[in-house]
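Asks: My questions all concern the structure below.
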Amino acid sequence: MIKATQAQTYADLRILLSIIALLVILGSIFIYSSSSVYALERHGYAHYFLYRQLIGILVGLCALSIAALIPLKTIHKLTPFLFISSIGLTALSLVPQFASRIHGSSRWINIAHISFQPSELLKVGLLLYIAYFLDKKINTQQSILHSFLPLIIILAIPSIILLKQPDFGFTATLVSTVLAVCFIAQFQVTPLLISMTGLIPLVIGLIICYPYRMKRITTFLNPWQDPQGSGFQIIQSLIAIGSGGFWGVGIGQSRQKFFYLPMQHTDFIFSIIAEEIGFIGIFGLVLLYVFFLYYGLRLACAMKNQFSRFFILGFIIVISLQTIINMAVATGLAPTKGLGLPFISYGNTGLVTTLLMVGIVINMVKSEKNKRF
């Protein structure tokens with residue numbers, strides 16, 4: 001574990017927050033750049049998605065502020081309730097009266113004319129509860145029945161709900177994050193490794209049983225097999241990335257955003273960024289995420305409070321995994337998953353919940369300094 005002084009810890013936090021702020025600013029710039037043509041055609045004015053994203057940033061900063069001010073003891077006590085509530089909200093996406101079906105998946109719900117993606121709230125609830133669970137169990141000698149089995153149940157319930165939406169990519173990301181945190185925490189390492197191996201037949205079965213997933217695999221292996229159909233999106237993404245060259249075509253000058261590349265401001269915004277600022281710009285963007293991972297892990301390791309350490313670890317890992325998967329999909333290195341680029345892709349629910357988690361991280365660092373937990 002890294003031993004850090006309070007000054008070093010606060011310096012790491014400031015750097016981490018600066019990286020996040022820069023990513024959010026870059027996201028706003030490229031959301032406008034990538035969506036302006038689409039927004040003008042569909043909604044009548046080019047700033048539509050930028051305006052909504054700015055509202056999301058404002059709400060997210062409010063959530064961040066509230067999360068940073070609530071006593072950490074209160075968050076700790078409320079964690080089981082928050083986890084159960086997030087599961088309940090996510091389950092509502094399976095109820096037709098509340099669900100909004102988009103692109104074949106029921107990932108959104110409408111309550112009082114407010115539409116949001118409850119799985120993003122589940123991400124917060126699950127990461128908090130895993131930190132809460134490990135904090136309770138990690139230093140006690142428990143049998144598999146009282147330690148590993150509850151962990152499987154904690155993972156199984158949200159996974160079943162997410163797979164019913166269906167959202168295979170998000171499920172895999174959350175499960176991988178939890179397993180990584182448990183592995184780092186040295187919690188029941190042997191059963192974890194066995195369970196990860198045992199999941200392979202299940203994953204294969206889930207792919208084989210659903211034709212659209214098999215289609216994604218075959219498209220990933222050879223998108224040129226159906227260039228005007230299933231392979232169109234990834235081919236256009238590769239064209240956008242290749243068109244950027246070393247220096248890019250210039251911010252706002254993308255050609256692929258003219259209705260060639262679908263989902264250009266959400267799942268495939270990385271491709272538009274690569275087209276506009278080229279290899280040199282993408283190298284800088286990747287470097288920002290690498291620094292995010294590095295300083296986030298330093299911050300987690302500096303926490304003496306286990307609840308704080310495990311939550312920060314989960315937050316850093318899940319954001320990093322989403323980043324890797326998004327970039328891999330855009331570059332044709334992974335099948336399409338429907339995951340946005342953290343802090344950058346358009347999506348208010350994801351942005352607000354991510355900034356909420358940033359607020360919890362700030363709270364944990366402050367509580368560590370003031371020894372309030």
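Just remember, in the structure tokens the first chain shown is A, the second B, etc., residues are 1-based per chain, and ligands are 1-based in the order shown.
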Which residues come within 9 Å of Met263 (chain A), counting only C-alpha atoms, excluding same-chain residues fewer than 5 positions away, as number ranges by chain?
Replies: A: 35, 233, 268-269
Asks: Can those selected residues be exported to a file as a compact mmCIF listing (two decimals), in the first residue's frame so that it contains C-alpha atoms?
Replies:
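Contents of the output file selection.txt:
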```txt
# COMPACT_ATOMS: atom_id res chain seq x y z
CA SER A 35 -24.14 16.43 -32.76
CA GLN A 233 -21.47 1.46 -38.03
CA PHE A 268 -19.07 6.58 -31.03
CA ILE A 269 -17.99 10.07 -30.02
```
Asks: Quick check for you: according to DSSP on this backbone, which residues of region 15-260 of chain A are classed as strand (DSSP E or B)? Reply as a list in words.
Replies: Ala99, Ser100, Arg101, Ile102, Ser105, Ser106, Arg107, Trp108, Ile109, Asn110, Ile111, Ile114, Ser115 and Phe116 of chain A
Asks: Nearest to Tyr295 (chain A) among A:Phe270, A:Tyr10, A:Trp247, A:Tyr51, with distances taken over only C-alpha atoms: which residue is it?
Replies: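 Nearest candidate to Tyr295 (chain A) out of A:Phe270, A:Tyr10, A:Trp247, A:Tyr51: A:Tyr10.
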Asks: May I have a table of the residues of region 186-297 of chain A lying at most 12 Å from region 317-320 of chain A, giving each one's closest pair of atoms and their distance in Å to one decimal, counting only C-alpha atoms, ordered by chain and ascending residue number, as CSV?
Replies:
```
residue,atom,partner,partner_atom,distance
A:Val286,CA,A:Ser320,CA,10.6
A:Leu288,CA,A:Ser320,CA,11.1
A:Tyr289,CA,A:Ser320,CA,7.3
A:Val290,CA,A:Ser320,CA,8.4
A:Phe291,CA,A:Ser320,CA,10.6
A:Phe292,CA,A:Ser320,CA,8.3
A:Leu293,CA,A:Ser320,CA,6.7
A:Tyr294,CA,A:Ser320,CA,10.4
A:Tyr295,CA,A:Ile317,CA,12.0
A:Gly296,CA,A:Ile317,CA,8.9
A:Leu297,CA,A:Ile317,CA,8.7
```
Asks: So that I can see what lies close to Phe343 (chain A), please list as a ChimeraX atom specification the residues with an atom at most 7 Å from it, counting only C-alpha atoms and leaving out residues fewer than 3 positions away in the same chain.
Replies: /A:23-24,27,351
Asks: Can you pull out every residue within 10 Å of region 305-310 of chain A, counting only C-alpha atoms, but drop anything in the same chain fewer than 3 positions away, and send it as a PyMOL selection string?
Replies: chain A and resi 72+76+127-136+138+178+181-182+184-185+297+299-302+313-315+360-361+363-365+367-368+371+373
Asks: Just write the chosen residues, C-alpha atoms, as a CSV table (one decimal), in the first residue's frame.
Replies:
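Contents of out_17.csv, freshly written:
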```csv
chain,number,residue,atom,x,y,z
A,72,LEU,CA,-19.8,9.8,5.5
A,76,HIS,CA,-22.3,4.3,5.2
A,127,LEU,CA,-20.2,0.0,-5.7
A,128,LEU,CA,-21.2,1.5,-2.4
A,129,TYR,CA,-22.6,-1.8,-1.2
A,130,ILE,CA,-19.6,-3.9,-2.3
A,131,ALA,CA,-17.4,-1.4,-0.3
A,132,TYR,CA,-19.8,-1.8,2.6
A,133,PHE,CA,-19.8,-5.6,2.3
A,134,LEU,CA,-16.0,-5.9,2.1
A,135,ASP,CA,-15.5,-3.5,5.0
A,136,LYS,CA,-17.7,-5.8,7.1
A,138,ILE,CA,-12.6,-8.6,5.0
A,178,VAL,CA,-16.7,-6.1,-8.5
A,181,VAL,CA,-12.1,-4.9,-6.3
A,182,CYS,CA,-12.5,-8.2,-4.4
A,184,ILE,CA,-7.4,-6.5,-5.0
A,185,ALA,CA,-8.9,-6.7,-1.5
A,297,LEU,CA,-5.4,4.3,-7.6
A,299,LEU,CA,-5.9,8.0,-3.8
A,300,ALA,CA,-7.5,4.7,-3.1
A,301,CYS,CA,-4.4,3.2,-1.6
A,302,ALA,CA,-3.9,6.3,0.6
A,313,LEU,CA,-11.1,1.5,-6.2
A,314,GLY,CA,-14.5,0.5,-7.6
A,315,PHE,CA,-15.1,4.0,-9.0
A,360,ILE,CA,-18.5,10.8,-2.6
A,361,VAL,CA,-14.8,10.4,-3.3
A,363,ASN,CA,-16.3,13.3,0.9
A,364,MET,CA,-14.2,10.2,1.7
A,365,VAL,CA,-10.9,12.1,1.4
A,367,SER,CA,-13.4,12.5,6.2
A,368,GLU,CA,-10.1,10.7,6.2
A,371,LYS,CA,-11.1,11.5,11.1
A,373,PHE,CA,-15.5,8.1,10.2
```
Asks: CA of Ile241 (chain A) to CA of Ile217 (chain A): how many Å, to one decimal?
Replies: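 Computing the Euclidean distance for CA of Ile241 (chain A) and CA of Ile217 (chain A) yields 21.2 Å.
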Asks: Go through region 24-252 of chain A and collect every residue that DSSP, computed from the backbone, puts in alpha helix (DSSP H); the answer should be as number ranges by chain.
Replies: A: 24-43, 48-69, 72-91, 118-137, 148-164, 168-184, 189-209, 211-221, 232-244
Asks: Go ahead and compute the interatomic distance for CA of Leu162 (chain A) and CA of Asp267 (chain A), in Å to one decimal.
Replies: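 Straight-line distance from CA of Leu162 (chain A) to CA of Asp267 (chain A) works out to 18.5 Å.
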Asks: Which of these, A:Leu339, A:Arg101, A:Ile160, A:Phe116, has the shortest distance to Thr173 (chain A) once you count only C-alpha atoms?
Replies: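 Between A:Leu339, A:Arg101, A:Ile160, A:Phe116, the residue approaching Thr173 (chain A) most closely is A:Leu339.
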Asks: For Arg107 (chain A), please output as a ChimeraX atom specification all residues within 12 Å (counting only C-alpha atoms; exclusion window: fewer than 2 positions along the same chain).
Replies: /A:89-96,98-105,109-110,115-122,161-168,170,338,349
Asks: Residues of the last selection are to be written out with N, CA and C atoms, as an mmCIF file, in the first residue's frame.
Replies:
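So the final result, stored in result-v7.cif, reads:
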```
data_model
loop_
_atom_site.group_PDB
_atom_site.id
_atom_site.type_symbol
_atom_site.label_atom_id
_atom_site.label_comp_id
_atom_site.auth_asym_id
_atom_site.auth_seq_id
_atom_site.Cartn_x
_atom_site.Cartn_y
_atom_site.Cartn_z
ATOM 1 N N LEU A 89 -35.447 0.407 -8.666
ATOM 2 C CA LEU A 89 -35.626 1.333 -9.787
ATOM 3 C C LEU A 89 -35.229 0.674 -11.110
ATOM 4 N N THR A 90 -34.147 -0.089 -11.085
ATOM 5 C CA THR A 90 -33.702 -0.768 -12.306
ATOM 6 C C THR A 90 -34.720 -1.814 -12.730
ATOM 7 N N ALA A 91 -35.324 -2.485 -11.760
ATOM 8 C CA ALA A 91 -36.349 -3.492 -12.074
ATOM 9 C C ALA A 91 -37.568 -2.859 -12.736
ATOM 10 N N LEU A 92 -37.836 -1.574 -12.448
ATOM 11 C CA LEU A 92 -38.969 -0.883 -13.070
ATOM 12 C C LEU A 92 -38.812 -0.790 -14.589
ATOM 13 N N SER A 93 -37.563 -0.881 -15.068
ATOM 14 C CA SER A 93 -37.333 -0.817 -16.515
ATOM 15 C C SER A 93 -37.935 -2.029 -17.227
ATOM 16 N N LEU A 94 -38.291 -3.066 -16.459
ATOM 17 C CA LEU A 94 -38.909 -4.257 -17.033
ATOM 18 C C LEU A 94 -40.433 -4.184 -16.992
ATOM 19 N N VAL A 95 -40.956 -3.132 -16.364
ATOM 20 C CA VAL A 95 -42.412 -2.947 -16.267
ATOM 21 C C VAL A 95 -42.866 -2.044 -17.416
ATOM 22 N N PRO A 96 -43.732 -2.544 -18.305
ATOM 23 C CA PRO A 96 -44.120 -1.773 -19.498
ATOM 24 C C PRO A 96 -44.657 -0.379 -19.196
ATOM 25 N N PHE A 98 -43.707 1.759 -17.094
ATOM 26 C CA PHE A 98 -42.639 2.717 -16.789
ATOM 27 C C PHE A 98 -41.516 2.712 -17.829
ATOM 28 N N ALA A 99 -41.389 1.621 -18.563
ATOM 29 C CA ALA A 99 -40.231 1.435 -19.430
ATOM 30 C C ALA A 99 -40.327 2.224 -20.726
ATOM 31 N N SER A 100 -39.171 2.671 -21.206
ATOM 32 C CA SER A 100 -39.036 3.270 -22.535
ATOM 33 C C SER A 100 -38.078 2.398 -23.328
ATOM 34 N N ARG A 101 -38.570 1.813 -24.403
ATOM 35 C CA ARG A 101 -37.747 0.893 -25.187
ATOM 36 C C ARG A 101 -37.026 1.660 -26.292
ATOM 37 N N ILE A 102 -35.693 1.651 -26.243
ATOM 38 C CA ILE A 102 -34.869 2.357 -27.217
ATOM 39 C C ILE A 102 -33.836 1.387 -27.783
ATOM 40 N N HIS A 103 -33.757 1.324 -29.116
ATOM 41 C CA HIS A 103 -32.818 0.417 -29.804
ATOM 42 C C HIS A 103 -32.976 -1.025 -29.330
ATOM 43 N N GLY A 104 -34.213 -1.429 -29.043
ATOM 44 C CA GLY A 104 -34.485 -2.814 -28.692
ATOM 45 C C GLY A 104 -34.251 -3.170 -27.237
ATOM 46 N N SER A 105 -33.875 -2.195 -26.396
ATOM 47 C CA SER A 105 -33.599 -2.479 -24.985
ATOM 48 C C SER A 105 -34.452 -1.587 -24.084
ATOM 49 N N ILE A 109 -36.538 4.510 -17.905
ATOM 50 C CA ILE A 109 -37.867 4.570 -17.312
ATOM 51 C C ILE A 109 -38.338 6.015 -17.252
ATOM 52 N N ASN A 110 -39.644 6.185 -17.268
ATOM 53 C CA ASN A 110 -40.269 7.509 -17.173
ATOM 54 C C ASN A 110 -41.087 7.585 -15.894
ATOM 55 N N SER A 115 -37.337 11.218 -17.636
ATOM 56 C CA SER A 115 -36.758 10.001 -18.193
ATOM 57 C C SER A 115 -35.298 9.873 -17.762
ATOM 58 N N PHE A 116 -34.933 8.701 -17.256
ATOM 59 C CA PHE A 116 -33.542 8.472 -16.855
ATOM 60 C C PHE A 116 -33.213 6.986 -16.949
ATOM 61 N N GLN A 117 -31.917 6.688 -16.869
ATOM 62 C CA GLN A 117 -31.424 5.321 -16.992
ATOM 63 C C GLN A 117 -31.078 4.788 -15.600
ATOM 64 N N PRO A 118 -31.934 3.954 -14.989
ATOM 65 C CA PRO A 118 -31.738 3.533 -13.607
ATOM 66 C C PRO A 118 -30.506 2.664 -13.382
ATOM 67 N N SER A 119 -30.002 2.027 -14.436
ATOM 68 C CA SER A 119 -28.813 1.183 -14.268
ATOM 69 C C SER A 119 -27.597 2.009 -13.847
ATOM 70 N N GLU A 120 -27.585 3.298 -14.209
ATOM 71 C CA GLU A 120 -26.492 4.162 -13.767
ATOM 72 C C GLU A 120 -26.554 4.372 -12.250
ATOM 73 N N LEU A 121 -27.785 4.478 -11.706
ATOM 74 C CA LEU A 121 -27.939 4.572 -10.258
ATOM 75 C C LEU A 121 -27.559 3.252 -9.591
ATOM 76 N N LEU A 122 -27.852 2.147 -10.281
ATOM 77 C CA LEU A 122 -27.469 0.834 -9.768
ATOM 78 C C LEU A 122 -25.951 0.719 -9.650
ATOM 79 N N ILE A 161 -31.434 -8.735 -13.629
ATOM 80 C CA ILE A 161 -32.274 -7.616 -14.072
ATOM 81 C C ILE A 161 -31.672 -6.943 -15.304
ATOM 82 N N LEU A 162 -30.367 -6.704 -15.272
ATOM 83 C CA LEU A 162 -29.705 -6.036 -16.397
ATOM 84 C C LEU A 162 -29.742 -6.889 -17.657
ATOM 85 N N LEU A 163 -29.588 -8.203 -17.491
ATOM 86 C CA LEU A 163 -29.614 -9.090 -18.652
ATOM 87 C C LEU A 163 -31.014 -9.198 -19.246
ATOM 88 N N LYS A 164 -32.032 -8.954 -18.436
ATOM 89 C CA LYS A 164 -33.404 -8.983 -18.933
ATOM 90 C C LYS A 164 -33.728 -7.739 -19.761
ATOM 91 N N GLN A 165 -32.954 -6.653 -19.612
ATOM 92 C CA GLN A 165 -33.294 -5.401 -20.316
ATOM 93 C C GLN A 165 -33.241 -5.533 -21.840
ATOM 94 N N PRO A 166 -32.286 -6.092 -22.539
ATOM 95 C CA PRO A 166 -31.037 -6.668 -22.053
ATOM 96 C C PRO A 166 -29.875 -5.663 -22.165
ATOM 97 N N ASP A 167 -28.909 -5.794 -21.250
ATOM 98 C CA ASP A 167 -27.720 -4.940 -21.283
ATOM 99 C C ASP A 167 -26.513 -5.780 -20.870
ATOM 100 N N PHE A 168 -26.054 -6.593 -21.808
ATOM 101 C CA PHE A 168 -24.969 -7.536 -21.532
ATOM 102 C C PHE A 168 -23.655 -6.805 -21.239
ATOM 103 N N PHE A 170 -23.059 -3.734 -20.022
ATOM 104 C CA PHE A 170 -23.034 -3.071 -18.711
ATOM 105 C C PHE A 170 -22.929 -4.094 -17.595
ATOM 106 N N GLY A 338 -22.597 -0.645 -26.443
ATOM 107 C CA GLY A 338 -23.551 0.373 -25.995
ATOM 108 C C GLY A 338 -23.101 1.119 -24.768
ATOM 109 N N THR A 349 -27.937 11.055 -17.421
ATOM 110 C CA THR A 349 -27.978 10.151 -16.267
ATOM 111 C C THR A 349 -26.576 9.661 -15.915
#
```
Asks: Give the answer as one residue: which of A:Ile282, A:Ala11, A:Ala330, A:Ala68 has the shortest atom-to-atom distance to Pro262 (chain A), using only C-alpha atoms?
Replies: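 For Pro262 (chain A), the nearest of the given residues is A:Ala330.
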Asks: Using only C-alpha atoms, which of A:Val37, A:Leu341, A:Ile154, A:Leu17 sits nearest Gln322 (chain A)?
Replies: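 Closest to Gln322 (chain A) of all the choices is A:Leu341.
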Asks: Work out how far CA of Leu287 (chain A) is from CA of Leu16 (chain A), in Å to one decimal.
Replies: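 Interatomic distance here is 12.8 Å.
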Asks: Pick from A:Ala334, A:Ile277, A:Ile200, A:Leu149: nearest to Thr219 (chain A), with only C-alpha atoms counted?
Replies: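 Selected residue with least distance to Thr219 (chain A): A:Ala334.
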Asks: Quick one: residues within 12 Å of Ile273 (chain A), only C-alpha atoms, excluding same-chain residues fewer than 2 positions away - as JSON, numbers by chain?
Replies: {"A": [26, 27, 28, 29, 30, 31, 32, 33, 34, 35, 237, 240, 241, 242, 243, 244, 245, 247, 248, 249, 250, 251, 252, 253, 254, 255, 256, 257, 264, 265, 266, 267, 268, 269, 270, 271, 275, 276, 277, 278, 279, 280, 281, 282, 283, 284, 285, 286, 327, 330, 341, 344, 345]}
